[in-house]
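Q: The structure's right below; bear with me while I get my questions together.
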Amino acid sequence: MTNGQPQAASQPADQPASQPEELLRVENLTKAFSGVEVLKSLNAGIRRGEIMGVIGENGAGKSTFMKLISGVYAPTHGRILLDGKPVRIATPSAAQRLGIAMIPQEFNLINTLRVYENIFLGRELRRAGVLDRKRMIEIARRLFAALATDVQPEALVGDLSVAQKQMVEIAKAISQESRILIMDEPTTVLSRAEIDSLLVIMRDFTAKGGAVFFVSHKLAEVRAVCDRVLVLRDGELISLDPVAALDEHEMARRMVGRDLSEAFPAKATPTVVQPVLAVRSLTVPGSLAGISFTLQQGEILGIAGLMGAGRTELGETLMGLRKAQSGTIAIDGAPTAIQSPRDAIAAGIAYLSEDRQGRGLLLQYDSVVNITLASLKQYARLFIQNRKCQERARYYVDSFNIRVPSLAADLSRLSGGNQQKVYLAKWLDTAPRILILDEPTRGVDVGARHEIYGFIHDLVANGLSCILISSELEEILGLSNRVLVMRSGRIAGELAGDALNEEEIMYYATGLKVQEIPGDATAPATLSGASGAPVE
Amino acid sequence: TATLSQAGTSAGTSAGSEAAAAPAAPAAAEAAAPVSTEPIKIGVSIPSADHGWTGGIVYWTEKAIADWKAKDPNIEFVLATADSPASQVSDIEDLMVQNIDALVVLPHDSASLTPVVEEVKNAGIYVVVIDRGLTKPIEDVYIAGDNPGLGKVSGEWIAEQLGGQGDIVVLEGIPTVINTERVEAFNAVIAQHPGITILDSQPAMWSTQKGLEIMENYLQKYDKIDAVWAQDDDVLKGVLQAYEESGRDDIKFFLGGAGSKDIIKMIMDGDPRIQADVTYPPSMAATAVSLAVMGMRGEHLDGFYQQQIPTRIILAAELVTKDNADKYYEPDSVY
Amino acid sequence: MVSKRSINYSTWTPLAALIILIIISSFASEYFFSARNLLNITRQISYTGIIALGMTLVIIAGGIDLSVGSLVALAGGVAVLALNALGGGPLAVAAAILVAVIVGVLGGAFNGMLVTAGRVAPFIATLGTMSIYRSLTLYMANGGEFRSQSDLFPSFGAGLFLEIPIATWVFVILAVIFQILLSYTPFGRHVCAVGANEVVARYSAIRIQFVKFMTYALTGLTVGVSAVLLASRLNAVSSTNAGVYYELDAIAAVVIGGTSMSGGMGAIWGTVIGAAVLGIINNMLNMAGISTYLQGLVKGLIIIAAVLVQYKRK
Amino acid sequence: MVSKRSINYSTWTPLAALIILIIISSFASEYFFSARNLLNITRQISYTGIIALGMTLVIIAGGIDLSVGSLVALAGGVAVLALNALGGGPLAVAAAILVAVIVGVLGGAFNGMLVTAGRVAPFIATLGTMSIYRSLTLYMANGGEFRSQSDLFPSFGAGLFLEIPIATWVFVILAVIFQILLSYTPFGRHVCAVGANEVVARYSAIRIQFVKFMTYALTGLTVGVSAVLLASRLNAVSSTNAGVYYELDAIAAVVIGGTSMSGGMGAIWGTVIGAAVLGIINNMLNMAGISTYLQGLVKGLIIIAAVLVQYKRK
Ligand SMILES: Nc1ncnc2c1ncn2[C@@H]1O[C@H](COP(=O)(O)OP(=O)(O)OP(=O)(O)O)[C@@H](O)[C@H]1O
Ligand SMILES: Nc1ncnc2c1ncn2[C@@H]1O[C@H](COP(=O)(O)OP(=O)(O)OP(=O)(O)O)[C@@H](O)[C@H]1O
Ligand SMILES: [Mg+2]
Ligand SMILES: [Mg+2]
């Protein structure tokens with residue numbers, strides 16, 4: 001994915017090269033968790049007005065690095081210098097005082113508080129001792145205006161979508177008058193427009209002499225916005241070079257330590273055309289309106305759309321997590337009532353939520369418990385046969401090459417990508433025939449991402465059928481045989497073959513184009529469903 | 001038990017007089033030099049102080065224990081208070097483990113404690129039961145107040161004062177057998193006086209505050225009340241408080257129960273609202289402890305010609321009025 | 001969506017329960033609406049109501065305090081001792097009030113210490129102090145009562161100001177103060193944050209331990225106030241049953257008021273309504289003269305119903 | 001890391017508390033180690049201990065049950081009525097046992113209904129039923145006792161089997177069953193999942209409502225068993241104070257046993273140890289003959305200490 005505007009902004013020319021000396025430097029920075037060194041004596045420095053990209057595989061140590069600078073963890077040894085002076089950053093608040101603001105990879109928001117309250121949490125503005133709401137709300141509003149997003153300052157964070165939450169995190173960070181801004185994968189859940197405005201804001205920030213750490217798996221963005229790129233592998237510094245010096249392939253190569261083969265495995269077009277899943281005018285008040293489509297045996301059906309288009313609702317409805325008001329679902333041509341996730345599993349459906357931490361995994365339990373949670377019946381006549389579970393978990397950990405300290409280590413200590421693999425294993429263990437993936441590579445690095453693509457490819461080759469919900473057009477285009485584009489709860493269009501390209505998808509996603517007859521042979525149903533459907 | 005009392009009588013008679021005197025006049029206790037007696041261990045199991053009167057029970061028990069310890073170092077006491085029948089059963093089980101020779105028990109509930117006390121008795125331990133009788137006649141000695149009597153005397157006095165005419169309200173205690181006995185006896189008496197109507201009767205849990213709240217409501221509901229029966233003096237305090245605050249003056253008199261020292265004092269001081277009280281003395285617990293000691297020692301009550309301590313002692317529910325109030329006033333008691 | 005529920009929860013819904021209840025009551029007894037009866041209710045609810053104010057903060061911050069009932073007895077008892085020691089004059093009364101509040105705050109602070117410094121689960125910590133405070137009180141009073149010898153003392157606990165019981169005034173004023181504290185000060189926000197997500201709160205430079213500690217100390221303060229009002233009302237404190245079951249009433253008031261036990265959010269005014277609901281239930285049951293044994297049944301049903309109503313409204 | 005704590009928490013640490021306590025006790029009284037005394041303790045703890053087994057599941061699943069105490073009285077009372085109605089013979093005793101268990105399960109199921117179908121917060125739902133069940137019991141017994149007319153009935157509550165109290169046997173057997181249920185069956189796994197993260201559990205096709213409901217029903221079952229043991233031990237059930245404060249003892253046992261109130265993790269055997277700790281405290285206080293007023297103080301301190309020890313060991 002290439003986008004023009006920020007690229008222009010990324011010319012080294014238009015940054016203040018006036019005072020090149022370093023703002024922050026780390027020396028022999030090392031972090032070990034229970035003996036395991038995850039960051040190995042790192043030496044690096046960031047200059048004023050610089051955006052430094054930090055890339056690396058899942059578990060490479062990026063977040064750890066950032067958490068050390070922002071006072072979440074204390075270094076095992078090594079030190080941090082600010083303006084050349086050694087500083088001790090014991091707590092996040094200490095970091096704040098030193099002018100270091102962090103946008104964490106996992107959300108750090110209070111769902112029960114309002115947006116503006118979250119933004120100013122711990123540093124509330126007050127007038128005469130009591131909260132100065134007016135001013136806080138006003139400032140918040142301005143921040144979101146600058147971010148070109150429509151979050152309401154007085155909304156409750158708990159009601160926001162993932163992307164909106166991300167925006168709040170960003171607003172919170174930039175609202176602190178800080179000199180160093182740490183962004184740990186801020187763009188993973190954002191729409192194109194939101195990303196662009198974010199990149200602009202980063203530029204403004206550096207223009208004022210600040211410095212930005214930009215952690216991302218989206219190498220194109222890194223290329224577009226960063227001045228220098230720091231590559232981490234297994235906790236070690238691989239390289240720190242100007243962005244001009246490396247293209248995306250080179251970045252990926254350095255991250256993984258080997259040459260990556262062709263980005264996406266060759267698509268296997270399903271040989272026999274035999275519908276596994278047929279959905280007819282599925283309607284869920286408020287989110288889905290007359291959805292109709294068919295999933296063929298052994299195909300990957302992509303579902304694209306903008307944030308809030310209702311893709312997740314579609315997935316959740318198929319999984320029996322949301323109640324459909326009308327419409328039918330047929331498996332292998334047989335009408336099947338799916339009232340609950342149990343029904344869905346019985347029907348051979350599996351759904352991986354976009355929110356793996358909040359809805360997918362029990363983080364305080366180990367991989368064995370998690371992998372066997374949905375498929376426990378297999379391992380228990382009356383009692384759970386723990387040995388079988390262990391073996392099974394071991395099998396997945398090996399074949400998906402999941403990096404876990406041990407089978408008994410709880411998932412809270414795994415990096416995002418490894419958690420995602422565990423999540424995939426969990427659902428594959430229910431032996432599904434229809435696999436619904438919602439943002440399967442959100443926050444997952446190139447290496448792991450390729451692995452996951454590989455897994456999907458193999459699974460489909462072995463007769464599994466897959467619905468792929470993703471905001472990464474690249475991914476959709478690269479993997480899908482067909483693509484449905486959703487818009488405000490409807491299927492705006494179906495694309496296949498030559499019509500399958502980024503522009504087309506965007507036209508339908510944004511409503512510039514609407515297909516009169518979706519590809520299905522079920523036009524009437526769809527139309528009636530669609531016409532009668534409420535618009536969000 | 002025969003053997004026990006034999007052993008007792010032989011050893012005991014000499015110490016008899018002081019022993020008998022002790023509870024009556026504790027002052028004498030310090031004077032008397034301890035005579036050599038074989039050591040005995042007495043377990044005492046009573047309900048914990050969950051309202052004023054049981055507070056009094058605990059107070060009197062500890063007082064008697066202290067007096068006896070001062071008088072005879074060979075007597076060892078183990079005291080356990082329980083907040084429920086189940087925990088009282090546990091307490092008694094624990095007491096048995098400690099090889100007690102005698103058990104003084106005020107059962108939380110009659111039936112609930114019967115099985116375990118029976119075990120105690122079968123183990124050859126001397127048993128004195130206070131106040132709430134067991135469902136079987138197991139004990140060696142039973143000492144109690146007169147619950148139906150309390151209700152009866154109260155009813156009769158109120159009826160007489162009202163001259164058989166008037167409206168009264170009743171504040172009951174915690175719903176238990178005791179409360180039921182008292183209230184039923186009271187109602188029976190009132191029933192004989194068609195001129196008297198009981199407007200309302202609700203449980204005040206033997207608690208001052210509950211009495212206050214319920215009386216507040218009574219004063220709301222009934223424009224004319226002639227007399228109040230509170231059954232317990234703690235409750236009566238709350239009742240009086242509510243009455244004062246209401247600023248009303250229609251209520252002719254109040255009657256409490258159990259004879260707490262405050263109310264007795266008010267009677268002595270001639271408070272017009274309170275002209276009488278009916279006794280149900282917690283001091284019975286102290287007497288019970290003494291009875292246990294004397295029973296173990298095989299002594300008999302001074303001036304009694306029976307060889308043995310009477311096996312049933314019922315303390316009448318006596319009417320306390322200005323004339324005799326001083327005889328019932330216990331300034332040191334907590335109740 | 002979980003958050004969603006608890007949100008509506010603490011908005012207008014408790015009011016529904018209250019209104020329904022008032023309607024029922026007015027039918028159940030013609031005396032219900034008499035000014036005097038209503039004033040009685042306000043006074044009767046003030047004792048546990050005041051405590052419920054502090055309890056609201058504790059629960060929002062993710063804690064619980066079972067010791068309030070025992071602490072009422074302790075604070076009240078010590079206050080009476082101080083009163084008598086100082087001769088029961090106006091100064092003595094003032095001193096007694098001060099003492100009660102101090103004892104309350106100390107008791108609450110000790111709970112706070114255990115929960116923060118000692119990291120004992122709130123339920124266990126306060127279960128322990130519940131037993132400890134009661135025991136101390138019994139020991140000091142030897143199982144009996146603390147009796148005030150002052151004639152002045154009762155006058156303010158039982159007294160009226162502008163026709164309205166002083167206890168009611170105190171309750172209302174404290175409610176306003178706590179409402180402001182919770183909704184209009186940084187501390188209030190921090191209490192919510194700590195209860196909703198401790199980790200996030202820490203990252204946001206909030207002194208979690210301090211915030212938690214303060215919620216318990218403040219609850220202790222409310223307990224002290226409630227204790228002195230109660231003591232002066234009865235001019236005595238029973239070591240055995242002063243404040244018994246107050247913790248349950250206070251917690252019930254908080255939750256009926258829409259504050260969720262899981263913490264993170266709640267409303268003071270909801271708690272006030274919760275206390276009113278409970279008070280009216282008691283009053284109604286007595287007024288209607290329902291079989292004393294069945295009162296518990298009705299009360300239980302109404303408490304549950306009150307919360308059910310809140311969900312239906314959602 | 002929170003989870004990490006509760007793990008250590010529920011591993012070996014409660015044992016430390018128990019051992020320390022045993023050492024203290026053996027010094028406090030020479031009778032402590034007498035076989036008779038130890039057997040007494042095992043019987044004394046069995047009544048609340050059995051209930052604590054069910055309570056463990058409820059708490060792990062993220063709930064709480066305050067109604068167990070009242071339900072003990074209700075189940076026991078109804079059982080005695082059945083016993084007497086059927087003449088007190090062997091069959092009548094068997095029937096009584098069955099009845100108690102059935103009433104217990106029904107009571108628990110009703111709690112479960114309120115929490116799942118009714119979506120009432122567990123604390124409030126069971127606070128309500130606590131009041132309801134007690135009230136029903138009082139009403140049936142008219143405030144008095146349910147007295148069994150059977151001479152056979154007490155024999156098994158007080159009876160021994162192989163020198164060991166029957167109550168103890170029941171406790172041990174149930175503990176083993178619940179341990180297996182929690183650690184080796186899908187249901188147990190689901191209970192943990194629901195408590196750890198309800199949303200994840202739902203997305204994992206776990207029937208949350210069913211699981212929650214079952215935890216309450218099972219607790220009701222343990223209550224029924226405990227009730228019949230208690231009733232036959234006393235050969236009567238007091239409507240006023242049978243089972244009073246059992247909820248607190250049971251919950252204390254669970255938490256001392258290392259199960260965190262926040263749910264998601266816990267251990268049955270920890271709960272058994274917790275019950276033992278509480279039982280030994282009571283026993284020791286009686287044996288040592290500590291002033292009855294100060295017993296609460298000691299008990300409270302030891303409960304807190306027991307939990308503190310767990311953290312220190314962490
Ligand atoms: N709290 C912790 N305890 C133990 N190990 C941890 C902890 N946090 C991270 N780790 C380990 O440290 C390594 C680096 O983790 P980190 O989150 O920094 O990776 P990352 O580069 O951010 O990966 P991702 O791109 O998936 O976010 C991983 O192997 C992870 O398992
Ligand atoms: N994690 C979440 N928490 C709360 N609400 C959410 C969450 N995810 C989605 N929603 C709700 O569902 C609505 C539709 O968003 P949804 O995620 O279904 O759209 P989508 O097409 O799946 O886009 P994406 O999957 O990229 O978010 C959102 O507006 C939001 O209100
Ligand atoms: Mg990371
Ligand atoms: Mg989505």
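Just remember, in the structure tokens the first chain shown is A, the second B, etc., residues are 1-based per chain, and ligands are 1-based in the order shown.
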Using only C-alpha atoms and all ligand atoms, determine which residues fall within 6 Å of ligand 3, then list them as a list in words.
A: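 Result of the 6 Å neighbour search around ligand 3: Lys62, Ser63 and Gln105 of chain A.
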Q: Select all residues from chain C having any atom no more than 9 Å from an atom of chain D (counting only C-alpha atoms, ignoring ligands), output as a PyMOL selection string.
A: chain C and resi 114+118-121+123-140+142-143+248+251-252+255-256+260-262+291-304+307-308+311
Q: Mind listing the alpha helix (DSSP H) residues of stretch 183-285 of chain B, per DSSP on the backbone, as a ChimeraX atom specification?
A: /B:183-191,208-221,233-246,261-268,284-285
Q: Just N, CA and C atoms for this one: save the residues we selected as a compact mmCIF listing (two decimals), in the first residue's frame.
A:
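And here is the file that came out, again_22.txt:
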```
# COMPACT_ATOMS: atom_id res chain seq x y z
N VAL B 183 -45.49 -13.44 75.69
CA VAL B 183 -46.56 -12.73 74.99
C VAL B 183 -47.88 -13.48 75.13
N GLU B 184 -47.82 -14.80 75.00
CA GLU B 184 -49.07 -15.57 75.08
C GLU B 184 -49.70 -15.41 76.45
N ALA B 185 -48.87 -15.53 77.49
CA ALA B 185 -49.41 -15.37 78.85
C ALA B 185 -50.03 -13.98 79.00
N PHE B 186 -49.33 -12.99 78.50
CA PHE B 186 -49.81 -11.61 78.59
C PHE B 186 -51.16 -11.48 77.89
N ASN B 187 -51.19 -11.96 76.63
CA ASN B 187 -52.44 -11.86 75.87
C ASN B 187 -53.58 -12.58 76.56
N ALA B 188 -53.24 -13.73 77.17
CA ALA B 188 -54.29 -14.50 77.86
C ALA B 188 -54.94 -13.64 78.95
N VAL B 189 -54.11 -12.95 79.72
CA VAL B 189 -54.65 -12.10 80.79
C VAL B 189 -55.51 -10.99 80.21
N ILE B 190 -54.93 -10.29 79.19
CA ILE B 190 -55.65 -9.16 78.60
C ILE B 190 -57.00 -9.62 78.04
N ALA B 191 -56.97 -10.84 77.50
CA ALA B 191 -58.20 -11.37 76.89
C ALA B 191 -59.36 -11.38 77.90
N THR B 208 -32.73 -1.30 72.05
CA THR B 208 -33.20 0.06 72.31
C THR B 208 -33.59 0.77 71.02
N GLN B 209 -32.71 0.65 70.02
CA GLN B 209 -32.93 1.40 68.79
C GLN B 209 -34.18 0.91 68.07
N LYS B 210 -34.33 -0.42 68.03
CA LYS B 210 -35.52 -0.97 67.36
C LYS B 210 -36.77 -0.49 68.10
N GLY B 211 -36.67 -0.48 69.45
CA GLY B 211 -37.81 -0.01 70.22
C GLY B 211 -38.17 1.42 69.85
N LEU B 212 -37.13 2.23 69.68
CA LEU B 212 -37.34 3.63 69.30
C LEU B 212 -38.08 3.72 67.97
N GLU B 213 -37.58 2.98 66.97
CA GLU B 213 -38.19 3.08 65.64
C GLU B 213 -39.63 2.60 65.66
N ILE B 214 -39.86 1.46 66.32
CA ILE B 214 -41.22 0.92 66.31
C ILE B 214 -42.16 1.86 67.04
N MET B 215 -41.70 2.42 68.16
CA MET B 215 -42.57 3.33 68.91
C MET B 215 -42.88 4.56 68.07
N GLU B 216 -41.88 5.06 67.33
CA GLU B 216 -42.13 6.19 66.43
C GLU B 216 -43.31 5.86 65.51
N ASN B 217 -43.27 4.66 64.96
CA ASN B 217 -44.34 4.27 64.04
C ASN B 217 -45.67 4.15 64.77
N TYR B 218 -45.65 3.54 65.96
CA TYR B 218 -46.88 3.43 66.75
C TYR B 218 -47.48 4.82 66.96
N LEU B 219 -46.62 5.75 67.35
CA LEU B 219 -47.12 7.10 67.64
C LEU B 219 -47.70 7.73 66.39
N GLN B 220 -47.19 7.30 65.23
CA GLN B 220 -47.77 7.76 63.98
C GLN B 220 -49.15 7.19 63.79
N LYS B 221 -49.23 5.87 64.00
CA LYS B 221 -50.45 5.16 63.59
C LYS B 221 -51.60 5.41 64.55
N ASP B 233 -36.51 -3.92 79.34
CA ASP B 233 -36.20 -2.55 79.75
C ASP B 233 -35.33 -1.81 78.74
N ASP B 234 -34.47 -2.55 78.01
CA ASP B 234 -33.68 -1.88 76.95
C ASP B 234 -34.62 -1.26 75.93
N VAL B 235 -35.60 -2.06 75.52
CA VAL B 235 -36.57 -1.57 74.54
C VAL B 235 -37.30 -0.36 75.11
N LEU B 236 -37.65 -0.45 76.39
CA LEU B 236 -38.41 0.62 77.02
C LEU B 236 -37.69 1.95 76.89
N LYS B 237 -36.36 1.93 77.01
CA LYS B 237 -35.60 3.19 76.89
C LYS B 237 -35.88 3.84 75.53
N GLY B 238 -35.82 3.05 74.49
CA GLY B 238 -36.10 3.59 73.16
C GLY B 238 -37.52 4.12 73.07
N VAL B 239 -38.44 3.38 73.67
CA VAL B 239 -39.85 3.79 73.66
C VAL B 239 -40.00 5.17 74.30
N LEU B 240 -39.39 5.34 75.45
CA LEU B 240 -39.50 6.62 76.16
C LEU B 240 -38.93 7.74 75.30
N GLN B 241 -37.79 7.48 74.67
CA GLN B 241 -37.16 8.48 73.81
C GLN B 241 -38.14 8.94 72.73
N ALA B 242 -38.72 7.96 72.04
CA ALA B 242 -39.66 8.30 70.96
C ALA B 242 -40.83 9.10 71.51
N TYR B 243 -41.30 8.71 72.69
CA TYR B 243 -42.46 9.40 73.29
C TYR B 243 -42.11 10.84 73.61
N GLU B 244 -40.96 11.05 74.21
CA GLU B 244 -40.53 12.43 74.52
C GLU B 244 -40.52 13.26 73.24
N GLU B 245 -39.88 12.72 72.20
CA GLU B 245 -39.74 13.49 70.96
C GLU B 245 -41.09 13.81 70.36
N SER B 246 -42.04 12.89 70.51
CA SER B 246 -43.34 13.13 69.88
C SER B 246 -44.08 14.27 70.58
N LYS B 261 -31.13 -2.08 85.79
CA LYS B 261 -30.90 -1.16 86.92
C LYS B 261 -31.39 0.26 86.60
N ASP B 262 -31.28 0.67 85.34
CA ASP B 262 -31.73 2.03 84.99
C ASP B 262 -33.21 2.20 85.29
N ILE B 263 -33.99 1.24 84.82
CA ILE B 263 -35.44 1.37 85.00
C ILE B 263 -35.79 1.28 86.48
N ILE B 264 -35.16 0.36 87.19
CA ILE B 264 -35.40 0.27 88.63
C ILE B 264 -35.11 1.62 89.27
N LYS B 265 -33.98 2.23 88.83
CA LYS B 265 -33.61 3.53 89.39
C LYS B 265 -34.73 4.54 89.15
N MET B 266 -35.26 4.56 87.94
CA MET B 266 -36.32 5.52 87.61
C MET B 266 -37.52 5.30 88.53
N ILE B 267 -37.80 4.02 88.80
CA ILE B 267 -38.93 3.73 89.70
C ILE B 267 -38.62 4.29 91.08
N MET B 268 -37.40 4.03 91.54
CA MET B 268 -37.00 4.55 92.86
C MET B 268 -37.14 6.07 92.89
N MET B 284 -29.46 -14.80 87.95
CA MET B 284 -29.68 -16.25 88.10
C MET B 284 -28.45 -17.02 87.63
N ALA B 285 -27.70 -16.43 86.69
CA ALA B 285 -26.52 -17.12 86.18
C ALA B 285 -25.48 -17.28 87.29
```
Q: Define the interface residues of chain C facing chain A as those within 10 Å, counting only C-alpha atoms, and report them as a PyMOL selection string.
A: chain C and resi 1-4+6-7+180-181+183-190+192-207+263-266
Q: Would you mind exporting the chosen residues as a tab-separated table (two decimals), in the first residue's frame, restricted to N, CA and C atoms?
A:
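This is the output file part-v3.tsv:
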```tsv
chain	number	residue	atom	x	y	z
C	1	MET	N	-20.45	-3.74	26.18
C	1	MET	CA	-21.90	-3.86	26.49
C	1	MET	C	-22.10	-4.04	27.98
C	2	VAL	N	-21.14	-4.74	28.60
C	2	VAL	CA	-21.19	-4.84	30.06
C	2	VAL	C	-21.22	-3.43	30.64
C	3	SER	N	-20.27	-2.64	30.18
C	3	SER	CA	-20.19	-1.27	30.67
C	3	SER	C	-21.54	-0.60	30.44
C	4	LYS	N	-22.07	-0.77	29.25
C	4	LYS	CA	-23.36	-0.16	28.92
C	4	LYS	C	-24.35	-0.35	30.06
C	6	SER	N	-24.10	-1.23	33.25
C	6	SER	CA	-23.83	-0.59	34.53
C	6	SER	C	-23.97	0.93	34.38
C	7	ILE	N	-23.86	1.41	33.18
C	7	ILE	CA	-24.02	2.86	33.01
C	7	ILE	C	-25.49	3.23	33.25
C	180	ILE	N	-20.18	16.12	45.28
C	180	ILE	CA	-19.19	17.01	44.66
C	180	ILE	C	-17.85	16.31	44.60
C	181	LEU	N	-17.48	15.70	45.72
C	181	LEU	CA	-16.19	15.03	45.80
C	181	LEU	C	-16.06	14.00	44.67
C	183	SER	N	-17.93	13.64	41.81
C	183	SER	CA	-18.18	14.01	40.41
C	183	SER	C	-17.42	15.24	39.95
C	184	TYR	N	-16.97	16.06	40.87
C	184	TYR	CA	-16.39	17.33	40.43
C	184	TYR	C	-14.95	17.53	40.87
C	185	THR	N	-14.32	16.51	41.43
C	185	THR	CA	-12.92	16.69	41.81
C	185	THR	C	-12.06	15.60	41.18
C	186	PRO	N	-10.79	15.90	40.96
C	186	PRO	CA	-9.87	14.87	40.44
C	186	PRO	C	-9.92	13.61	41.30
C	187	PHE	N	-9.95	13.78	42.63
C	187	PHE	CA	-9.99	12.60	43.50
C	187	PHE	C	-11.13	11.68	43.11
C	188	GLY	N	-12.30	12.26	42.88
C	188	GLY	CA	-13.46	11.45	42.51
C	188	GLY	C	-13.18	10.65	41.24
C	189	ARG	N	-12.60	11.34	40.24
C	189	ARG	CA	-12.28	10.65	38.98
C	189	ARG	C	-11.31	9.50	39.26
C	190	HIS	N	-10.34	9.79	40.12
C	190	HIS	CA	-9.31	8.77	40.39
C	190	HIS	C	-9.94	7.56	41.07
C	192	CYS	N	-12.91	6.41	40.59
C	192	CYS	CA	-13.52	5.59	39.52
C	192	CYS	C	-12.45	4.84	38.74
C	193	ALA	N	-11.37	5.55	38.40
C	193	ALA	CA	-10.32	4.94	37.59
C	193	ALA	C	-9.74	3.71	38.31
C	194	VAL	N	-9.43	3.89	39.58
C	194	VAL	CA	-8.85	2.78	40.35
C	194	VAL	C	-9.79	1.59	40.36
C	195	GLY	N	-11.08	1.86	40.54
C	195	GLY	CA	-12.03	0.76	40.60
C	195	GLY	C	-12.21	0.09	39.26
C	196	ALA	N	-12.09	0.86	38.19
C	196	ALA	CA	-12.36	0.31	36.86
C	196	ALA	C	-11.16	-0.48	36.34
C	197	ASN	N	-9.97	0.04	36.54
C	197	ASN	CA	-8.79	-0.63	36.00
C	197	ASN	C	-7.54	-0.12	36.70
C	198	GLU	N	-7.09	-0.92	37.67
C	198	GLU	CA	-6.01	-0.48	38.53
C	198	GLU	C	-4.73	-0.22	37.73
C	199	VAL	N	-4.43	-1.11	36.80
C	199	VAL	CA	-3.18	-0.98	36.04
C	199	VAL	C	-3.17	0.34	35.29
C	200	VAL	N	-4.25	0.58	34.55
C	200	VAL	CA	-4.33	1.82	33.79
C	200	VAL	C	-4.19	3.01	34.73
C	201	ALA	N	-4.86	2.93	35.85
C	201	ALA	CA	-4.79	4.03	36.81
C	201	ALA	C	-3.34	4.28	37.20
C	202	ARG	N	-2.60	3.20	37.45
C	202	ARG	CA	-1.20	3.39	37.85
C	202	ARG	C	-0.43	4.07	36.72
C	203	TYR	N	-0.61	3.58	35.50
C	203	TYR	CA	0.11	4.18	34.36
C	203	TYR	C	-0.24	5.65	34.22
C	204	SER	N	-1.44	6.03	34.67
C	204	SER	CA	-1.84	7.43	34.54
C	204	SER	C	-1.39	8.26	35.73
C	205	ALA	N	-0.37	7.77	36.42
C	205	ALA	CA	0.23	8.55	37.51
C	205	ALA	C	-0.75	8.80	38.64
C	206	ILE	N	-1.70	7.88	38.84
C	206	ILE	CA	-2.61	8.01	39.98
C	206	ILE	C	-2.04	7.20	41.14
C	207	ARG	N	-2.05	7.79	42.33
C	207	ARG	CA	-1.52	7.07	43.50
C	207	ARG	C	-2.60	6.11	44.01
C	263	GLY	N	-17.35	-2.29	40.89
C	263	GLY	CA	-16.58	-1.07	41.00
C	263	GLY	C	-16.47	-0.33	39.67
C	264	GLY	N	-15.81	0.82	39.71
C	264	GLY	CA	-15.56	1.57	38.49
C	264	GLY	C	-16.54	2.70	38.25
C	265	MET	N	-17.76	2.51	38.71
C	265	MET	CA	-18.71	3.62	38.55
C	265	MET	C	-19.85	3.56	39.54
C	266	GLY	N	-20.41	4.71	39.81
C	266	GLY	CA	-21.52	4.78	40.75
C	266	GLY	C	-21.90	6.21	40.98
```
Q: Pairing every Cα of chain C with chain D in order, what RMSD remains after the least-squares superposition?
A: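 Answer to one decimal place: 0.2 Å.
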Q: Return as a PyMOL selection string the residues of protein, DNA or RNA that approach ligand 4 to within 10 Å, with only C-alpha atoms and all ligand atoms taken into account.
A: chain A and resi 161-163+189+305-316+353-355+438-439+469-471
Q: Quick one: residues within 9 Å of ligand 1, with only C-alpha atoms and all ligand atoms, as JSON, numbers by chain?
A: {"A": [31, 32, 33, 34, 36, 37, 38, 39, 55, 56, 57, 58, 59, 60, 61, 62, 63, 64, 65, 66, 67, 73, 105, 184, 185, 215, 216, 217, 232, 233, 234, 235, 403, 404, 405, 409, 411, 412, 413, 414, 415, 416, 417, 418, 419, 420, 443, 444, 445], "D": [1]}
Q: Which residues, written as JSON, numbers by chain, have at least one atom at most 8 Å from A:Ile452, with only C-alpha atoms counted and residues fewer than 3 positions away on the same chain left out?
A: {"A": [421, 441, 448, 449, 455, 456]}
